[in-house]
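Each remark here refers to the structure printed beneath this line.
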Amino acid sequence: MAQQAVTPQSVDFSKWYNEIVYKADLCDLSPVRGCLIIKPYGYELWEAVKGGLDRRFKATGHQNAYFPLFIPESFLKREAEHVEGFSPELAVVTIAGGEKLEEPLVVRPTSETIIMDSFKNWIQSYRDLPLLINQWANVVRWEMRTRPFLRTTEFLWQEGHTAHATAEEAEAETMQMLNVYADFAINDAAIPVVKGRKTEREKFAGAVHTYTIEAMMGDTKALQSGTSHNLGQNFAKAFDIKFLDQNNETQHPWTTSWGLSTRMVGAIVMAHGDDKGLRLPPKVAPIQVVIVPIFKNDDERSKVLEAVERLTKELLAANIRIHVDKREGQSPGFKFNDWEMRGVPARLEIGPKDVQNSTVALARRDVPGKEGKQFVSQDGIAARVQDLLTEIQANMLQQATVFRDANIHDATNYDELKAIVEKGGWARVWWAGSGQDEGKIKEETGATIRCLPFDQPGSKGKCVYTGQSAETIALFGKAY
RNA sequence: CGGGGCGUAGCGCAGUCUGGUAGCGCGCUUCGUUCGGGUCGAAGAGGUCGUGGGUUCAAAUCCCGCCGCCCCGACCA
């Protein structure tokens, strides 16, 4: 098994990313600046992400619902920090039906406010709690600069919104959903994310605190891949949500929100891609196995296609997502490269020789070159392919984990921290600094605290910046 | 908004300095050839040269205005 991570080092990573998302047929340029056209192949990848998450949401008792795209401007203003955090990037409708609106409508940048407005009506008693709602939706944030999937003007996501009878329950929910995200990222997307808490400076506008999963991309930059917020009673108070508890006393519920977006598609591309293009983990790959028939003439063609049909049935019966590349006019070599660029985890080649020998050529995307290709018997192909996909899934997680760990370094002083983030990588340091200190470090190095990891040593050290005694480990890195 | 760059065929670009018939590569169409790692050849289709004005016998090219996009910074899932 190849353990070494393969990253696109022969090219500039940013350029590589921008080219590959178009070449791999994930998305297209939009006539509107910063908006993304998601093409069928990219959308199927997003649907795989959706499926993996939705299954987990249902398993934890959450239900889907849908709330309006437009939010009255006054709703956002009810929570002071919230509106302050979002106002610079709002798109606002001021004219509708040919007339100036009495009150402008904000195109949702996130839905806490409009959902809390409903929660106010839905919650009367402790018996109505916990209220566990999720919404799949599009939101709009007018960002200065955009990149396909990673930061777009409009993006698709899910946003969970829950209300609880106690602070402890809300905290448990916040943590539970972060764990759901991490479970998906690690086990489905094969991205070994680091779980942690955001600093005051980096937390969500209006939250008491924010948990995050941070992923390392192929160029060692960090990508915040999902967040879970404990909102305390901030929004409940702002929206006057009240319930009577068992003692017949009026209380404000404690709420949470958590979101994961189409950014995850970008994360998968950037965490696994190599010089040849995308590499998709089998669990989220729209096509897990592509079958390339090879023939020169009509006689070979009929024999090969007959075998393809037989194998196809076996693979479909095993619930393996396959695609047969029946295009004519393209050479087999062209097709191999084409599907490798699109990240299909495994490829099955079948030609006249295979028909004769009852074999197929089985190639795996996670291992480059000839070592990744072998001739195997057609007997029991479904089981063999299933095993291979399982192995690829595990290997890709392993490769990404080795890469991540090789690029996280301990720093004991500020110079070391600077050197690490300059060279590329994350610096793991003792931290007791202020938000202002974080600001200065960002100015000087471009790096921010990605998170305060849950995984803490439990001892004490000296803060990398202030030199004071510190009890907390922080991860610094440059981010997308 | 500050600094830099670019708008010419679906995509990527040359041509602009030095004005004179609109070009190249990829892709696309047709035919043939090839087909176990990005075949090769032939013939085609496709352009208001971002936009408005000016100079000139003549403007993609020179002059003035406007618009749009990209990159670097501040913001951010």
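We label chains A, B, ... in the order they appear in the structure tokens, count residues from 1 in each chain, and number ligands from 1 in the order shown.
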*asked:* When you look at range 193-195 of chain A with a cut-off of 8 Å (counting only C-alpha atoms (C1' of nucleotides)), what residues show up, excluding the ones that are within fewer than 5 positions of it in the same chain? I need them as an MDAnalysis selection string.
replied: chainID A and resid 178 182 185:186 211:216 451 453:455
Write to file, as a compact mmCIF listing (two decimals), in the first residue's frame, the residues of the selection just made, with N, CA and C atoms.
```txt
# COMPACT_ATOMS: atom_id res chain seq x y z
N LEU A 178 -20.69 18.53 15.92
CA LEU A 178 -19.31 18.65 15.46
C LEU A 178 -18.75 17.24 15.21
N ALA A 182 -17.15 15.58 11.86
CA ALA A 182 -15.83 14.97 11.86
C ALA A 182 -15.92 13.53 11.37
N ALA A 185 -16.33 13.66 7.65
CA ALA A 185 -15.11 14.10 6.97
C ALA A 185 -14.07 12.98 6.97
N ILE A 186 -13.90 12.34 8.12
CA ILE A 186 -12.86 11.33 8.24
C ILE A 186 -13.25 10.04 7.52
N TYR A 211 -17.35 25.65 17.64
CA TYR A 211 -16.44 24.52 17.41
C TYR A 211 -16.24 24.37 15.92
N THR A 212 -15.10 23.80 15.53
CA THR A 212 -14.77 23.72 14.11
C THR A 212 -14.06 22.41 13.79
N ILE A 213 -14.20 21.99 12.53
CA ILE A 213 -13.28 20.96 12.03
C ILE A 213 -12.39 21.65 11.00
N GLU A 214 -11.08 21.50 11.18
CA GLU A 214 -10.11 22.13 10.29
C GLU A 214 -9.42 21.05 9.45
N ALA A 215 -9.40 21.27 8.15
CA ALA A 215 -8.79 20.30 7.25
C ALA A 215 -7.52 20.88 6.66
N MET A 216 -6.54 20.01 6.37
CA MET A 216 -5.32 20.48 5.71
C MET A 216 -5.39 20.15 4.23
N CYS A 451 -7.65 26.64 15.32
CA CYS A 451 -8.50 26.21 16.42
C CYS A 451 -7.65 25.93 17.65
N PRO A 453 -7.28 22.93 19.67
CA PRO A 453 -7.71 21.54 19.47
C PRO A 453 -8.27 20.93 20.76
N PHE A 454 -9.25 20.01 20.60
CA PHE A 454 -9.79 19.30 21.76
C PHE A 454 -8.71 18.42 22.38
N ASP A 455 -7.83 17.97 21.51
CA ASP A 455 -6.76 17.09 21.94
C ASP A 455 -5.67 17.91 22.63
```
*When the cut-off is 10 Å and we count only C-alpha atoms (C1' of nucleotides), which residues of chain A are near chain B, given as a VMD selection string?*
chain A and resid 33 86 88 to 89 141 to 146 150 to 152 155 157 223 to 227 259 to 264 294 to 297 328 to 338 349 to 354 361 369 to 370 480
*Can you work out the spacing between CA of Asp415 in chain A and C1' of C72 in chain B in Å, to one decimal?*
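Going from CA of Asp415 in chain A over to C1' of C72 in chain B covers 25.1 Å.
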Based on the backbone DSSP call, show me all residues of range 324-410 of chain A assigned alpha helix (DSSP H), as a PDB file with C-alpha atoms, in the first residue's frame.
```
ATOM      1  CA  PRO A 332      -8.298   3.837 -24.482  1.00  0.00           C
ATOM      2  CA  GLY A 333      -5.316   5.896 -23.332  1.00  0.00           C
ATOM      3  CA  PHE A 334      -7.345   9.066 -23.665  1.00  0.00           C
ATOM      4  CA  LYS A 335     -10.129   7.561 -21.596  1.00  0.00           C
ATOM      5  CA  PHE A 336      -7.755   6.410 -18.858  1.00  0.00           C
ATOM      6  CA  ASN A 337      -6.428   9.922 -18.455  1.00  0.00           C
ATOM      7  CA  ASP A 338      -9.867  11.449 -18.720  1.00  0.00           C
ATOM      8  CA  TRP A 339     -11.286   9.391 -15.850  1.00  0.00           C
ATOM      9  CA  GLU A 340      -8.182   9.854 -13.774  1.00  0.00           C
ATOM     10  CA  MET A 341      -8.635  13.597 -14.077  1.00  0.00           C
ATOM     11  CA  PRO A 352      -9.800  -9.022 -26.415  1.00  0.00           C
ATOM     12  CA  LYS A 353      -6.947 -10.560 -24.434  1.00  0.00           C
ATOM     13  CA  ASP A 354      -9.010 -10.394 -21.274  1.00  0.00           C
ATOM     14  CA  VAL A 355     -11.986 -12.018 -22.962  1.00  0.00           C
ATOM     15  CA  GLN A 356      -9.675 -14.833 -24.002  1.00  0.00           C
ATOM     16  CA  ASN A 357      -8.022 -15.190 -20.589  1.00  0.00           C
ATOM     17  CA  ILE A 381     -15.112  -9.538  -9.656  1.00  0.00           C
ATOM     18  CA  ALA A 382     -17.759  -7.802  -7.528  1.00  0.00           C
ATOM     19  CA  ALA A 383     -16.233  -8.942  -4.258  1.00  0.00           C
ATOM     20  CA  ARG A 384     -12.745  -8.087  -5.451  1.00  0.00           C
ATOM     21  CA  VAL A 385     -13.777  -4.590  -6.546  1.00  0.00           C
ATOM     22  CA  GLN A 386     -15.651  -4.068  -3.286  1.00  0.00           C
ATOM     23  CA  ASP A 387     -12.506  -4.993  -1.344  1.00  0.00           C
ATOM     24  CA  LEU A 388     -10.404  -2.711  -3.496  1.00  0.00           C
ATOM     25  CA  LEU A 389     -12.746   0.235  -2.912  1.00  0.00           C
ATOM     26  CA  THR A 390     -12.579  -0.374   0.828  1.00  0.00           C
ATOM     27  CA  GLU A 391      -8.804  -0.472   0.607  1.00  0.00           C
ATOM     28  CA  ILE A 392      -8.648   2.732  -1.443  1.00  0.00           C
ATOM     29  CA  GLN A 393     -10.899   4.501   1.046  1.00  0.00           C
ATOM     30  CA  ALA A 394      -8.632   3.481   3.927  1.00  0.00           C
ATOM     31  CA  ASN A 395      -5.460   4.274   2.032  1.00  0.00           C
ATOM     32  CA  MET A 396      -6.583   7.756   1.063  1.00  0.00           C
ATOM     33  CA  LEU A 397      -7.346   8.577   4.683  1.00  0.00           C
ATOM     34  CA  GLN A 398      -3.968   7.155   5.631  1.00  0.00           C
ATOM     35  CA  GLN A 399      -2.168   9.212   2.966  1.00  0.00           C
ATOM     36  CA  ALA A 400      -3.908  12.392   4.051  1.00  0.00           C
ATOM     37  CA  THR A 401      -3.190  11.692   7.711  1.00  0.00           C
ATOM     38  CA  VAL A 402       0.508  11.085   7.078  1.00  0.00           C
ATOM     39  CA  PHE A 403       0.639  14.309   5.074  1.00  0.00           C
ATOM     40  CA  ARG A 404      -1.158  16.299   7.757  1.00  0.00           C
ATOM     41  CA  ASP A 405       1.024  15.009  10.580  1.00  0.00           C
ATOM     42  CA  ALA A 406       4.192  15.655   8.593  1.00  0.00           C
TER      43      ALA A 406
END
```
Can you pull out every residue within 12 Å of A42 in chain B, counting only C-alpha atoms (C1' of nucleotides), but drop anything in the same chain fewer than 5 positions away, and send it as a PDB file with N, CA and C atoms (P, O5', C5', C4', C3', O3' and C1' of nucleotides), in the first residue's frame?
```pdb
ATOM      1  P     U B  30     -20.099  14.561 -37.272  1.00  0.00           P
ATOM      2  O5'   U B  30     -19.470  14.540 -38.739  1.00  0.00           O
ATOM      3  C5'   U B  30     -20.301  14.726 -39.871  1.00  0.00           C
ATOM      4  C4'   U B  30     -19.469  14.656 -41.133  1.00  0.00           C
ATOM      5  C3'   U B  30     -18.613  13.405 -41.295  1.00  0.00           C
ATOM      6  O3'   U B  30     -19.362  12.299 -41.772  1.00  0.00           O
ATOM      7  C1'   U B  30     -17.313  15.303 -41.798  1.00  0.00           C
ATOM      8  P     C B  31     -18.935  10.808 -41.341  1.00  0.00           P
ATOM      9  O5'   C B  31     -17.652  10.564 -42.250  1.00  0.00           O
ATOM     10  C5'   C B  31     -17.778  10.496 -43.665  1.00  0.00           C
ATOM     11  C4'   C B  31     -16.419  10.418 -44.307  1.00  0.00           C
ATOM     12  C3'   C B  31     -15.491   9.332 -43.772  1.00  0.00           C
ATOM     13  O3'   C B  31     -15.794   8.051 -44.278  1.00  0.00           O
ATOM     14  C1'   C B  31     -14.293  11.354 -43.983  1.00  0.00           C
ATOM     15  P     G B  32     -15.523   6.742 -43.367  1.00  0.00           P
ATOM     16  O5'   G B  32     -13.933   6.579 -43.415  1.00  0.00           O
ATOM     17  C5'   G B  32     -13.302   6.140 -44.603  1.00  0.00           C
ATOM     18  C4'   G B  32     -11.838   6.469 -44.567  1.00  0.00           C
ATOM     19  C3'   G B  32     -10.992   5.717 -43.543  1.00  0.00           C
ATOM     20  O3'   G B  32     -10.689   4.398 -43.935  1.00  0.00           O
ATOM     21  C1'   G B  32     -10.405   8.009 -43.532  1.00  0.00           C
ATOM     22  P     U B  33     -10.501   3.254 -42.848  1.00  0.00           P
ATOM     23  O5'   U B  33      -9.182   3.690 -42.069  1.00  0.00           O
ATOM     24  C5'   U B  33      -7.899   3.591 -42.690  1.00  0.00           C
ATOM     25  C4'   U B  33      -6.838   4.205 -41.805  1.00  0.00           C
ATOM     26  C3'   U B  33      -6.651   3.533 -40.450  1.00  0.00           C
ATOM     27  O3'   U B  33      -5.812   2.385 -40.521  1.00  0.00           O
ATOM     28  C1'   U B  33      -6.803   5.880 -40.160  1.00  0.00           C
TER      29        U B  33
END
```
Excluding same-chain residues fewer than 5 positions from range 53-62 of chain B, what lies within 9 Å of it counting only C-alpha atoms (C1' of nucleotides), as an mmCIF file with C-alpha atoms (C1' of nucleotides), in the first residue's frame?
```
data_model
loop_
_atom_site.group_PDB
_atom_site.id
_atom_site.type_symbol
_atom_site.label_atom_id
_atom_site.label_comp_id
_atom_site.auth_asym_id
_atom_site.auth_seq_id
_atom_site.Cartn_x
_atom_site.Cartn_y
_atom_site.Cartn_z
ATOM 1 C "C1'" U B 8 -9.293 39.435 -30.282
ATOM 2 C "C1'" G B 15 -1.019 40.367 -33.646
ATOM 3 C "C1'" U B 16 -1.020 46.620 -31.036
ATOM 4 C "C1'" G B 19 -2.203 51.762 -38.944
ATOM 5 C "C1'" G B 20 -3.012 48.572 -44.830
ATOM 6 C "C1'" A B 22 -8.540 38.513 -38.880
#
```
*asked:* Which residues are near range 25-27 of chain B? Cut-off 9 Å, only C-alpha atoms (C1' of nucleotides), ignore same chain within fewer than 3 positions. Put them as a list in words.
replied: G10, C11, G12 and C13 of chain B
Same residues, N, CA and C atoms (P, O5', C5', C4', C3', O3' and C1' of nucleotides), saved as a PDB file, in the first residue's frame:
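Here's the written file out05.pdb:
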```pdb
ATOM      1  P     G B  10     -17.035  32.292 -29.516  1.00  0.00           P
ATOM      2  O5'   G B  10     -17.152  31.045 -28.535  1.00  0.00           O
ATOM      3  C5'   G B  10     -18.045  31.027 -27.450  1.00  0.00           C
ATOM      4  C4'   G B  10     -17.677  29.855 -26.574  1.00  0.00           C
ATOM      5  C3'   G B  10     -16.286  29.979 -25.960  1.00  0.00           C
ATOM      6  O3'   G B  10     -16.346  30.636 -24.705  1.00  0.00           O
ATOM      7  C1'   G B  10     -16.474  27.898 -27.084  1.00  0.00           C
ATOM      8  P     C B  11     -15.172  31.615 -24.262  1.00  0.00           P
ATOM      9  O5'   C B  11     -14.010  30.586 -23.915  1.00  0.00           O
ATOM     10  C5'   C B  11     -14.100  29.768 -22.759  1.00  0.00           C
ATOM     11  C4'   C B  11     -12.861  28.913 -22.644  1.00  0.00           C
ATOM     12  C3'   C B  11     -11.543  29.678 -22.712  1.00  0.00           C
ATOM     13  O3'   C B  11     -11.188  30.236 -21.462  1.00  0.00           O
ATOM     14  C1'   C B  11     -11.442  27.842 -24.180  1.00  0.00           C
ATOM     15  P     G B  12     -10.319  31.573 -21.450  1.00  0.00           P
ATOM     16  O5'   G B  12      -8.883  31.086 -21.948  1.00  0.00           O
ATOM     17  C5'   G B  12      -8.117  30.186 -21.159  1.00  0.00           C
ATOM     18  C4'   G B  12      -6.823  29.873 -21.858  1.00  0.00           C
ATOM     19  C3'   G B  12      -6.021  31.082 -22.314  1.00  0.00           C
ATOM     20  O3'   G B  12      -5.281  31.660 -21.266  1.00  0.00           O
ATOM     21  C1'   G B  12      -6.121  29.498 -24.060  1.00  0.00           C
ATOM     22  P     C B  13      -4.906  33.208 -21.355  1.00  0.00           P
ATOM     23  O5'   C B  13      -4.452  33.347 -22.873  1.00  0.00           O
ATOM     24  C5'   C B  13      -3.469  34.244 -23.267  1.00  0.00           C
ATOM     25  C4'   C B  13      -2.798  33.739 -24.522  1.00  0.00           C
ATOM     26  C3'   C B  13      -2.336  34.833 -25.482  1.00  0.00           C
ATOM     27  O3'   C B  13      -1.087  35.371 -25.096  1.00  0.00           O
ATOM     28  C1'   C B  13      -3.451  33.130 -26.692  1.00  0.00           C
TER      29        C B  13
END
```
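Residues in contact range of G7 in chain B, defined as at most 12 Å between only C-alpha atoms (C1' of nucleotides), with sequence neighbours fewer than 6 positions away removed, read C49, G50, U51, A60, C67, G68, C69 and C70 of chain B.
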